[in-house]
Each structure stands twice: as C-alpha cells, then as structure tokens.
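Okay, structure first, notes after.
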Amino acid sequence: MRTFMLLFFGSFMFLVPLCRGEEAPKEIRVQLFTEGALVSLHLSPITVQDNSLSPSYVKELDRILTYDFSHNGKTVLAAQKSSTTPSFGLTFSLQDKKLQTKATLPFSGETKTFTPIPLTGNLSEDRKALHRLSDTIHKLFFQTEGVASSRILYSAETLNTQGTWIAEIAECDWDGENTTLLTKENSYCITPVAIPKDGQFRKNLFLYVSYKTGQPRIFIASKEEGVGKRVVDIRGNQILPSISKQRDKLAFICDASGRTDLFVQSIQPETGRTGAPVQLFSYPRSTQASPVFSPNGAKIAFVSDKDGSPRIYWIPSETQGKRPQAHMITKKNRENSCPSWSPDGTKIAYSAKTEGVRQIWIYDFTSSEEKQLTFGPGHKENPCWAPNSLHLVFNSTDGNYSDLYVVNLNQPTAIKITKGQGKKHYPSWDTR
C-alpha cells in the first residue's frame with residue numbers, strides 16, 4: 001500500500017492531512033435562511049404498559065424519536081421556544097413489545113392511529129423501524145418525504161494494527177448511528193457516491209475512489225458485498241466521481257492528457273456496461289475538480305482555476321465536439337470547492353475560504369445570490385444535500401479532528417452526528 005495520503009493536481013489538494021487524534025470541536029454557527037415556518041409539536045414520552053424491554057432501552061427509543069422530530073426542519077418541540085401555531089401532538093405507548101402511535105392533528109383535533117410497530121429488542125433493527133415511523137408521520141403532517149430513514153456514506157480514516165493510516169467507506173443513519181463499514185480493503189478509500197435508485201432500480205450500489213492498486217482509481221461496489229470493480233478504463237489518476245440522477249453518465253477528474261481535466265463517460269449500473277471516457281472540459285494551464293450533475297443531468301457544475309483562482313462553473317454535460325463555454329457561478333470568494341447541486345435544482349452548496357476559514361456557502365439560482373451558511377472556526381467542506389433539498393451534511397476539520405455535521409435551512413444549529421477517534425469526511429447522502 002502507498003504510504004502517502006496526499007494527492008495534488010495543479011493548485012488543488014484533494015486529500016486532507018492524516019488524523020492524529022481528536023479534540024472537542026468548537027461551536028458551528030449557522031445563518032438561518034428560513035425556507036418555511038416551524039410547526040410546534042407536543043411529543044410525549046413513551047408510556048410503558050409492560051416490562052418486556054428495559055427502561056434504558058425505552059429511553060433510547062425516546063431519544064431516537066426526539067432527534068427525528070427536533071431536526072427534521074419542519075417541527076419544533078413544544079418545550080422549546082416557539083411562537084408558531086397551530087400545534088401537533090404525538091403520543092406513544094409500548095405494550096406487548098409493540099409501539100403504538102397516535103397523532104392529534106391541528107384545527108380539527110382529529111386523532112390518527114398508526115399500525116403498531118413490533119419491536120425486536122435489537123436496537124439496530126428497532127432504530128430503523130422508528131426512523132420509518134418518523135417519515136410516515138412527516139408525510140402525514142406535511143405531504144412531503146422526510147429523511148429520517150435515509151443513510152449517509154462517508155470515508156472513515158483510522159489507524160490500523162500495523163500503525164498505518166487507512167480509510168474505508170462507511171455508512172450511518174442520518175443521526176450518525178447504525179454505522180456499518182462497506183469496504184474492508186485495508187487501503188485508502190474516499191469520496192463515496194451512492195448510485196440513485198428509482199421504482200425499478202433498487203440495487204444498493206456506490207462509487208468510490210481507492211488507492212489499493214497504487215494510483216487512485218474509481219470503483220463500483222454493492223453495499224452488501226463491498227468488493228469494488230473498476231469502472232473507468234483509462235490511464236492516469238482518476239478521482240472525484242459523480243453520477244447523474246438518471247444513472248446514464250459518469251463524470252470524473254483525470255490527468256490522462258497531462259492536465260487535470262473533466263471527463264464524462266456513459267454508464268449502465270444495471271448491466272455493468274460503460275462507454276469510452278470523453279474529455280469534456282480542459283483549459284490551458286488550469287486545473288479542473290469536483291464535478292456534479294444537475295438533477296436533470298443536462299449540466300455539470302465543477303471547480304476550475306482557469307480565471308486565476310478556484311471558482312465554480314457550469315457547462316452542458318454533452319457537447320458537439322468542441323469545448324463548451326463555462327459559466328461562472330461563484331464570484332464573492334476567491335477559493336471555492338466541492339459543489340453539491342440540490343435535488344430540486346434550485347441551489348448549489350459549496351465550500352469557500354472566508355476570512356481564512358473554509359465555510360459552507362449556498363448559491364441560489366432563483367435569486368442569483370451567494371449566501372454564507374456556516375460561521376465559526378474549523379474548516380467546513382464537502383457539503384452534500386439530502387433528498388429533500390432542505391438538509392445538508394458536511395465535514396468540519398480543525399487540526400486533529402474531522403467529524404460530520406447535519407444542518408437544515410430552517411434551524412440555526414449544526415448537529416454533530418459522528419464521534420470517536422479517526423477522521424470522518426467526504427459525506428454523501430444516499431438518495432434512496
């Protein structure tokens with residue numbers, strides 16, 4: 001295995017320095033955008049009518065539900081300060097190892113009773129059931145999908161028994177729990193990207209970059225097996241993969257031509273077939289990075305220093321054989337990186353150096369405005385949107401630690417969801 005963990009292309013550094021421990025992160029402040037008013041929610045603790053589950057177990061079930069409804073971006077618990085009206089009510093009772101739920105709706109006072117949920121006593125499985133319940137209630141209240149059942153992929157960097165720093169692809173619930181290692185390469189695996197699902201295609205596939213063959217290469221693997229297969233047949237270093245929502249195009253960065261250029265190739269995850277890579281964008285004496293598709297697959301946003309400093313641009317994802325014109329998106333800050341296009345197509349989140357610290361910014365296509373989302377110490381990078389275009393996950397690094405945080409555009413609090421030793425970075429929200 002290679003002993004270095006840094007990769008430079010031109011003026012861009014794609015891998016952060018190795019982690020040597022952990023220190024307590026300082027507060028991350030968030031500018032409130034207020035996409036919508038929060039609704040007050042009365043959330044009652046679970047009442048227990050049998051003792052088949054321990055009090056500590058029931059307390060953990062309460063904690064899961066409290067987290068889901070405290071951070072969904074739509075409700076605020078009645079115990080917290082809120083002037084919003086009307087209010088909803090939720091009550092839970094536990095009997096015969098089944099969780100029974102009732103919701104009281106505003107205005108009419110109508111009560112909705114949900115199908116009882118069997119509990120297994122296995123917290124990992126019961127956690128999933130409660131997250132699904134939270135999303136079911138979210139859909140009832142707001143007629144939109146919640147994200148409590150979704151999962152987040154990321155790169156987990158640790159020190160192995162031989163004293164070598166390695167990184168594997170991991171996955172966790174949206175609250176950071178139920179962590180699972182997806183790869184076990186004993187190598188350096190980074191930048192995972194979940195392959196989108198739809199009604200017909202439900203395979204749990206993801207892309208990632210691995211150094212297991214020496215140079216960084218792009219691999220595809222299933223979550224069940226975690227064994228990667230090469231995707232791109234081209235020489236040179238290959239990094240930063242992105243796949244269209246339609247699953248028909250793969251974008252990545254490669255130096256096969258001597259410069260770090262943006263490539264695109266056709267791909268069919270259903271059959272495993274891929275097309276020949278095509279150099280989509282190159283510019284003299286410049287470096288390209290971090291491509292991401294628009295939701296309809298017609299455009300690609302990416303980073304380039306072609307005009308002097310790293311900015312975010314967009315180009316068409318298909319051309320007629322000539323270099324496409326790049327349209328600059330970000331203009332306020334001189335150093336921009338890692339764009340993420342919201343699933344509804346209205347925003348791009350990215351990291352920008354702001355007064356010496358990398359912060360998360362958002363470009364709004366409807367207003368053509370660049371807005372700073374995060375404040376405070378610690379470099380915040382690699383934002384990724386949730387399927388609802390309301391939540392973001394990102395990693396914050398400050399010296400010896402790197403952890404994942406989740407934030408939504410309606411609540412001014414960034415929630416740290418990971419813990420423990422090592423470095424957690426390059427998060428990617430699974431679009432399910």
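The way I read the labels, and the way they are meant: chains A, B, ... in the order of the structure tokens, residue 1 as the first residue of every chain, and ligand 1 as the first ligand shown, with later ones counted on from there.
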All residues 6 Å or closer to region 358-363 of chain A, only C-alpha atoms, same chain fewer than 2 positions away omitted, as a list in words =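 So, after excluding close chain neighbours, the residues are Lys347, Ile348, Ala349, Tyr350, Ser351, Ala352, Lys353, Thr354, Glu369, Glu370, Lys371, Gln372, Leu373, Thr374, His379 and Lys380 of chain A.
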Produce a file of the selected residues containing N, CA and C atoms, as an mmCIF file, in the first residue's frame.
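Output saved as out_10.cif:
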```cif
data_model
loop_
_atom_site.group_PDB
_atom_site.id
_atom_site.type_symbol
_atom_site.label_atom_id
_atom_site.label_comp_id
_atom_site.auth_asym_id
_atom_site.auth_seq_id
_atom_site.Cartn_x
_atom_site.Cartn_y
_atom_site.Cartn_z
ATOM 1 N N LYS A 347 -30.447 25.194 -5.946
ATOM 2 C CA LYS A 347 -29.306 25.683 -5.180
ATOM 3 C C LYS A 347 -28.066 24.823 -5.435
ATOM 4 N N ILE A 348 -26.920 25.433 -5.189
ATOM 5 C CA ILE A 348 -25.658 24.707 -5.117
ATOM 6 C C ILE A 348 -24.998 25.068 -3.797
ATOM 7 N N ALA A 349 -24.675 24.064 -3.005
ATOM 8 C CA ALA A 349 -23.899 24.267 -1.781
ATOM 9 C C ALA A 349 -22.429 24.016 -2.114
ATOM 10 N N TYR A 350 -21.549 24.752 -1.451
ATOM 11 C CA TYR A 350 -20.118 24.598 -1.723
ATOM 12 C C TYR A 350 -19.330 25.129 -0.535
ATOM 13 N N SER A 351 -18.031 24.893 -0.565
ATOM 14 C CA SER A 351 -17.135 25.394 0.478
ATOM 15 C C SER A 351 -16.322 26.543 -0.102
ATOM 16 N N ALA A 352 -16.172 27.614 0.666
ATOM 17 C CA ALA A 352 -15.409 28.777 0.211
ATOM 18 C C ALA A 352 -14.576 29.321 1.361
ATOM 19 N N LYS A 353 -13.324 29.660 1.070
ATOM 20 C CA LYS A 353 -12.467 30.247 2.101
ATOM 21 C C LYS A 353 -12.963 31.659 2.399
ATOM 22 N N THR A 354 -13.337 31.863 3.677
ATOM 23 C CA THR A 354 -13.946 33.122 4.101
ATOM 24 C C THR A 354 -13.177 33.639 5.313
ATOM 25 N N GLU A 369 -28.036 34.764 -5.859
ATOM 26 C CA GLU A 369 -27.305 35.247 -4.697
ATOM 27 C C GLU A 369 -26.414 34.164 -4.110
ATOM 28 N N GLU A 370 -25.269 34.588 -3.567
ATOM 29 C CA GLU A 370 -24.374 33.714 -2.818
ATOM 30 C C GLU A 370 -24.522 34.055 -1.338
ATOM 31 N N LYS A 371 -24.901 33.060 -0.541
ATOM 32 C CA LYS A 371 -25.151 33.292 0.880
ATOM 33 C C LYS A 371 -24.268 32.388 1.734
ATOM 34 N N GLN A 372 -23.696 32.953 2.781
ATOM 35 C CA GLN A 372 -22.879 32.159 3.700
ATOM 36 C C GLN A 372 -23.778 31.450 4.696
ATOM 37 N N LEU A 373 -23.614 30.127 4.809
ATOM 38 C CA LEU A 373 -24.449 29.344 5.714
ATOM 39 C C LEU A 373 -23.801 29.156 7.079
ATOM 40 N N THR A 374 -22.527 28.763 7.122
ATOM 41 C CA THR A 374 -21.868 28.465 8.400
ATOM 42 C C THR A 374 -20.866 29.548 8.774
ATOM 43 N N HIS A 379 -12.461 24.249 9.441
ATOM 44 C CA HIS A 379 -12.722 24.236 8.008
ATOM 45 C C HIS A 379 -13.891 23.305 7.703
ATOM 46 N N LYS A 380 -14.917 23.839 7.081
ATOM 47 C CA LYS A 380 -16.128 23.083 6.755
ATOM 48 C C LYS A 380 -16.145 22.830 5.257
#
```
Wanna dump the region 54-78 of chain A-region 122-140 of chain A contacts at 9 Å for me, each residue with its shortest atom pair and the distance in Å to one decimal, counting only C-alpha atoms, ordered by chain and number, as CSV?
```
residue,atom,partner,partner_atom,distance
A:Tyr57,CA,A:Leu123,CA,7.9
A:Glu60,CA,A:Leu123,CA,8.5
A:Leu61,CA,A:Arg127,CA,7.4
A:Ile64,CA,A:Arg127,CA,7.2
A:Leu65,CA,A:Leu130,CA,6.9
A:Asp68,CA,A:Ser134,CA,6.6
A:Phe69,CA,A:Ser134,CA,7.4
A:Asn72,CA,A:His138,CA,8.5
A:Lys74,CA,A:His138,CA,8.5
```
Dump of N, CA and C atoms for the selected residues, as an mmCIF file, in the first residue's frame:
```cif
data_model
loop_
_atom_site.group_PDB
_atom_site.id
_atom_site.type_symbol
_atom_site.label_atom_id
_atom_site.label_comp_id
_atom_site.auth_asym_id
_atom_site.auth_seq_id
_atom_site.Cartn_x
_atom_site.Cartn_y
_atom_site.Cartn_z
ATOM 1 N N TYR A 57 -33.569 0.831 27.457
ATOM 2 C CA TYR A 57 -33.898 0.604 26.052
ATOM 3 C C TYR A 57 -35.025 1.542 25.613
ATOM 4 N N GLU A 60 -33.764 4.976 25.067
ATOM 5 C CA GLU A 60 -33.095 5.140 23.788
ATOM 6 C C GLU A 60 -34.114 5.299 22.657
ATOM 7 N N LEU A 61 -35.231 4.584 22.724
ATOM 8 C CA LEU A 61 -36.283 4.763 21.724
ATOM 9 C C LEU A 61 -36.837 6.180 21.769
ATOM 10 N N ILE A 64 -34.388 8.522 20.049
ATOM 11 C CA ILE A 64 -34.436 8.451 18.586
ATOM 12 C C ILE A 64 -35.581 9.296 18.040
ATOM 13 N N LEU A 65 -36.750 9.154 18.631
ATOM 14 C CA LEU A 65 -37.906 9.928 18.178
ATOM 15 C C LEU A 65 -37.713 11.412 18.418
ATOM 16 N N ASP A 68 -35.411 12.779 15.709
ATOM 17 C CA ASP A 68 -36.062 12.881 14.406
ATOM 18 C C ASP A 68 -36.960 14.109 14.306
ATOM 19 N N PHE A 69 -37.724 14.378 15.359
ATOM 20 C CA PHE A 69 -38.685 15.479 15.283
ATOM 21 C C PHE A 69 -38.099 16.822 15.716
ATOM 22 N N ASN A 72 -35.952 17.723 11.951
ATOM 23 C CA ASN A 72 -36.474 17.440 10.610
ATOM 24 C C ASN A 72 -36.689 18.691 9.769
ATOM 25 N N LYS A 74 -38.989 20.865 10.036
ATOM 26 C CA LYS A 74 -40.407 21.214 9.921
ATOM 27 C C LYS A 74 -41.073 21.456 11.275
#
```
query = Which residues come within 10 Å of region 90-103 of chain A, counting only C-alpha atoms, excluding same-chain residues fewer than 4 positions away, as a PyMOL selection string?
reply = chain A and resi 41-53+58+61-62+109-121+130+133+137+140-141
The selected residues should be written to file as a CSV table (one decimal), in the first residue's frame (atoms: C-alpha atoms).
```
chain,number,residue,atom,x,y,z
A,41,LEU,CA,-45.1,19.7,18.2
A,42,HIS,CA,-46.1,18.2,21.5
A,43,LEU,CA,-44.1,15.0,21.8
A,44,SER,CA,-45.0,12.8,24.7
A,45,PRO,CA,-42.5,10.3,26.2
A,46,ILE,CA,-43.3,6.6,25.6
A,47,THR,CA,-45.6,5.2,28.2
A,48,VAL,CA,-44.8,1.6,29.1
A,49,GLN,CA,-47.6,-0.9,29.9
A,50,ASP,CA,-45.3,-3.9,30.2
A,51,ASN,CA,-41.7,-4.5,31.2
A,52,SER,CA,-40.6,-6.7,28.3
A,53,LEU,CA,-38.0,-4.0,27.4
A,58,VAL,CA,-37.1,2.6,26.1
A,61,LEU,CA,-36.3,4.8,21.7
A,62,ASP,CA,-37.5,8.1,23.1
A,109,GLY,CA,-58.5,17.8,16.7
A,110,GLU,CA,-58.8,14.6,14.7
A,111,THR,CA,-56.8,11.7,16.0
A,112,LYS,CA,-54.8,9.4,13.6
A,113,THR,CA,-53.8,6.0,14.9
A,114,PHE,CA,-50.9,4.2,13.2
A,115,THR,CA,-50.4,0.5,12.8
A,116,PRO,CA,-48.5,-0.8,15.8
A,117,ILE,CA,-44.8,-1.4,15.2
A,118,PRO,CA,-43.4,-4.7,16.5
A,119,LEU,CA,-40.1,-4.2,18.4
A,120,THR,CA,-37.4,-6.9,18.3
A,121,GLY,CA,-35.2,-5.8,21.2
A,130,LEU,CA,-38.6,4.2,14.4
A,133,LEU,CA,-42.3,5.8,11.5
A,137,ILE,CA,-45.7,10.9,10.3
A,140,LEU,CA,-48.9,12.8,7.0
A,141,PHE,CA,-48.2,16.2,8.5
```
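For the residues A:Glu225, A:Asp198, A:Glu335, A:Glu27, ranking by smallest atom-to-atom distance to Glu185 (chain A) using only C-alpha atoms places A:Glu225 first.
Compared by their closest atoms to Pro196 (chain A), and using only C-alpha atoms, the residues A:Thr330, A:Ser242, A:Asn382, A:Ser317 rank with A:Ser242 nearest.
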key: Filtered DSSP result for region 249-327 of chain A, state strand (DSSP E or B), as a ChimeraX atom specification   = /A:249-254,261-268,273-274,278-281,288-293,299-304,311-316,327
Applying 7 Å and only C-alpha atoms, which residues near region 306-312 of chain A remain after dropping the ones on its own chain fewer than 6 positions away? List them as a short mmCIF file (atom, residue, chain, number, x, y, z; two decimals) with C-alpha atoms, in the first residue's frame.
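Result saved to result_28.cif:
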```
data_model
loop_
_atom_site.label_atom_id
_atom_site.label_comp_id
_atom_site.auth_asym_id
_atom_site.auth_seq_id
_atom_site.Cartn_x
_atom_site.Cartn_y
_atom_site.Cartn_z
CA TYR A 283 -8.29 24.65 -20.34
CA SER A 286 -5.62 25.19 -15.42
CA MET A 328 -19.04 31.20 -13.66
CA ILE A 329 -21.38 30.72 -10.68
CA THR A 330 -19.39 31.89 -7.64
CA ARG A 334 -11.60 33.61 -4.42
CA GLU A 335 -11.27 29.99 -3.28
CA ASN A 336 -14.29 27.74 -3.83
#
```
message = Please return, as JSON, numbers by chain, all residues of region 110-248 of chain A that DSSP assigns to alpha helix (DSSP H) on the basis of the backbone.
response = {"A": [123, 124, 125, 126, 127, 128, 129, 130, 131, 132, 133, 134, 135, 136, 137, 138, 139, 140, 141, 142]}
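Here CA of His425 (chain A) is placed at a distance of 12.8 Å from CA of Gly176 (chain A).
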message = Give me, as a PyMOL selection string, all polymer residues having an atom no more than 9 Å from region 262-268 of chain A, counting only C-alpha atoms and skipping those fewer than 4 positions away in the same chain.
response = chain A and resi 231-232+243+247-255+272-282+288-291+302+317-318
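Atom pair CA of Thr346 (chain A) / CA of Phe365 (chain A) has a distance of 5.4 Å (rounded to one decimal).
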inquiry  = Just the number, please: distance in Å from CA of Ala194 (chain A) to CA of Asn395 (chain A), one decimal.
reply    = 17.3 Å
task = Please provide the set of residues having any atom within 8 Å of region 147-158 of chain A, restricted to only C-alpha atoms, with same-chain residues fewer than 3 positions apart removed, written as a ChimeraX atom specification.
result = /A:19,68,72,128,131-132,134-135,165-174,189-194,386-388,421-432
Selection above as a file: C-alpha atoms, as a PDB file, in the first residue's frame:
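result.pdb written:
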```
ATOM      1  CA  CYS A  19      -5.620  12.492  11.524  1.00  0.00           C
ATOM      2  CA  ASP A  68     -36.062  12.881  14.406  1.00  0.00           C
ATOM      3  CA  ASN A  72     -36.474  17.440  10.610  1.00  0.00           C
ATOM      4  CA  LYS A 128     -34.713   1.625  11.541  1.00  0.00           C
ATOM      5  CA  HIS A 131     -36.978   6.252  11.595  1.00  0.00           C
ATOM      6  CA  ARG A 132     -39.525   4.835   9.132  1.00  0.00           C
ATOM      7  CA  SER A 134     -40.947   9.343  11.763  1.00  0.00           C
ATOM      8  CA  ASP A 135     -41.010   9.622   7.976  1.00  0.00           C
ATOM      9  CA  TRP A 165      -3.449   5.134   8.404  1.00  0.00           C
ATOM     10  CA  ILE A 166      -6.170   3.697   6.194  1.00  0.00           C
ATOM     11  CA  ALA A 167      -9.630   4.803   5.096  1.00  0.00           C
ATOM     12  CA  GLU A 168     -12.683   2.668   4.407  1.00  0.00           C
ATOM     13  CA  ILE A 169     -16.127   3.604   3.112  1.00  0.00           C
ATOM     14  CA  ALA A 170     -18.693   3.606   5.915  1.00  0.00           C
ATOM     15  CA  GLU A 171     -22.415   4.277   6.180  1.00  0.00           C
ATOM     16  CA  CYS A 172     -24.624   5.525   9.009  1.00  0.00           C
ATOM     17  CA  ASP A 173     -28.164   6.649   9.757  1.00  0.00           C
ATOM     18  CA  TRP A 174     -28.930  10.342   9.436  1.00  0.00           C
ATOM     19  CA  CYS A 189     -10.923   4.692   0.094  1.00  0.00           C
ATOM     20  CA  ILE A 190     -12.532   8.122  -0.307  1.00  0.00           C
ATOM     21  CA  THR A 191     -15.304  10.177  -1.937  1.00  0.00           C
ATOM     22  CA  PRO A 192     -18.186   7.662  -1.947  1.00  0.00           C
ATOM     23  CA  VAL A 193     -21.207   8.416  -4.131  1.00  0.00           C
ATOM     24  CA  ALA A 194     -24.450   6.460  -3.801  1.00  0.00           C
ATOM     25  CA  ALA A 386     -30.318  15.359   1.433  1.00  0.00           C
ATOM     26  CA  PRO A 387     -33.056  14.120  -0.930  1.00  0.00           C
ATOM     27  CA  ASN A 388     -35.426  16.812   0.425  1.00  0.00           C
ATOM     28  CA  GLN A 421     -11.258   8.566  17.049  1.00  0.00           C
ATOM     29  CA  GLY A 422     -10.280   8.994  13.441  1.00  0.00           C
ATOM     30  CA  LYS A 423     -11.297  11.297  10.650  1.00  0.00           C
ATOM     31  CA  LYS A 424     -14.755  11.219   9.096  1.00  0.00           C
ATOM     32  CA  HIS A 425     -15.033  13.114   5.831  1.00  0.00           C
ATOM     33  CA  TYR A 426     -16.346  13.169   2.238  1.00  0.00           C
ATOM     34  CA  PRO A 427     -20.007  12.569   3.216  1.00  0.00           C
ATOM     35  CA  SER A 428     -22.549  11.647   0.559  1.00  0.00           C
ATOM     36  CA  TRP A 429     -26.275  11.455   1.240  1.00  0.00           C
ATOM     37  CA  ASP A 430     -27.887   8.338  -0.182  1.00  0.00           C
ATOM     38  CA  THR A 431     -30.799   9.467  -2.326  1.00  0.00           C
ATOM     39  CA  ARG A 432     -32.512   6.087  -1.723  1.00  0.00           C
TER      40      ARG A 432
END
```
task = Skip Lys416 (chain A) itself and residues of its chain fewer than 2 positions away, then list as a PyMOL selection string all residues within 10 Å of it, counting only C-alpha atoms.
result = chain A and resi 25+27-28+175-176+393-396+403-407+413-414+418-419
inquiry  = Just checking: using only C-alpha atoms, which residue out of A:Lys203, A:His391, A:Lys299, A:Lys332 ends up closest to Pro316 (chain A)?
reply    =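 Using only C-alpha atoms, the shortest distance to Pro316 (chain A) belongs to A:Lys299.
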